[in-house]
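Novice: Structure incoming, see below.
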Amino acid sequence: MGWGIEFPIDIYLSRQNYQENKSLVQDAIDECITNISEYQKELLMYASANVQDVCDPEWISEPIAWLKMKVNELTNDILEEQTKLVNLQYYLEYLTEQESNKDGSASI
């Protein structure tokens with residue numbers, strides 16, 4: 001057996017209700033994965049494009065500042081989605097364990 005640290009986790013999913021339905025949680029997980037992928041594609045687009053071609057016309061005099069702002073927004077969005085994804089994965093694991101506990105206690 002390996003070694004590591006085990007600790008209880010207390011996560012609050014604010015303003016979310018999945019009615020303890022694993023399918024709804026999995027759908028939300030899939031949506032997070034899709035969102036992260038889209039943000040990554042957009043970030044790559046900015047990294048490979050000529051800044052003059054993608055810059056908002058209002059910022060044309062300061063394209064580097066605009067690009068920095070966009071990259072910051074995208075990285076923040078990715079981090080936010082990643083946090084949501086991990087929390088939802090923990091919740092799905094919790095629901096699965098609860099389901100297993102109900103099934104296990106019913107057979108005793």
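If you're wondering about the labels, chains in the structure tokens are A, B, ... by order shown, residues count from 1 in each chain, ligands from 1 in order shown.
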Write out as a ChimeraX atom specification the set of residues from chain A that DSSP, computed on the backbone, places in helix (DSSP H, G or I).
Specialist: /A:22-48,51-54,57-59,63-106
Novice: Contacts of stretch 59-73 of chain A at 8 Å or less, counting only C-alpha atoms, minus same-chain residues fewer than 5 places along, as number ranges by chain?
Specialist: A: 43, 46, 51-52
Novice: Tell me which protein, DNA and RNA residues are within 9 Å of A:Ile11, counting only C-alpha atoms, leaving out same-chain ones fewer than 5 positions away, and put them as a PyMOL selection string.
Specialist: chain A and resi 87+90-91
Novice: Could those residues be written to a file, using C-alpha atoms, as an mmCIF file, in the first residue's frame?
Specialist:
```cif
data_model
loop_
_atom_site.group_PDB
_atom_site.id
_atom_site.type_symbol
_atom_site.label_atom_id
_atom_site.label_comp_id
_atom_site.auth_asym_id
_atom_site.auth_seq_id
_atom_site.Cartn_x
_atom_site.Cartn_y
_atom_site.Cartn_z
ATOM 1 C CA ASN A 87 -15.366 20.355 -6.990
ATOM 2 C CA TYR A 90 -15.545 15.440 -5.726
ATOM 3 C CA TYR A 91 -19.326 15.783 -5.533
#
```
Novice: Just the number, please: distance in Å from atom CA of A:Gln89 to atom CA of A:Glu20, one decimal.
Specialist: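 Answer for the atom CA of A:Gln89 to atom CA of A:Glu20 separation: 13.1 Å.
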Novice: If you measure from atom CA of A:Ile5 to atom CA of A:Glu99, what distance in Å do you get, rounded to one decimal?
Specialist: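 One can read the atom CA of A:Ile5 to atom CA of A:Glu99 distance as 24.9 Å.
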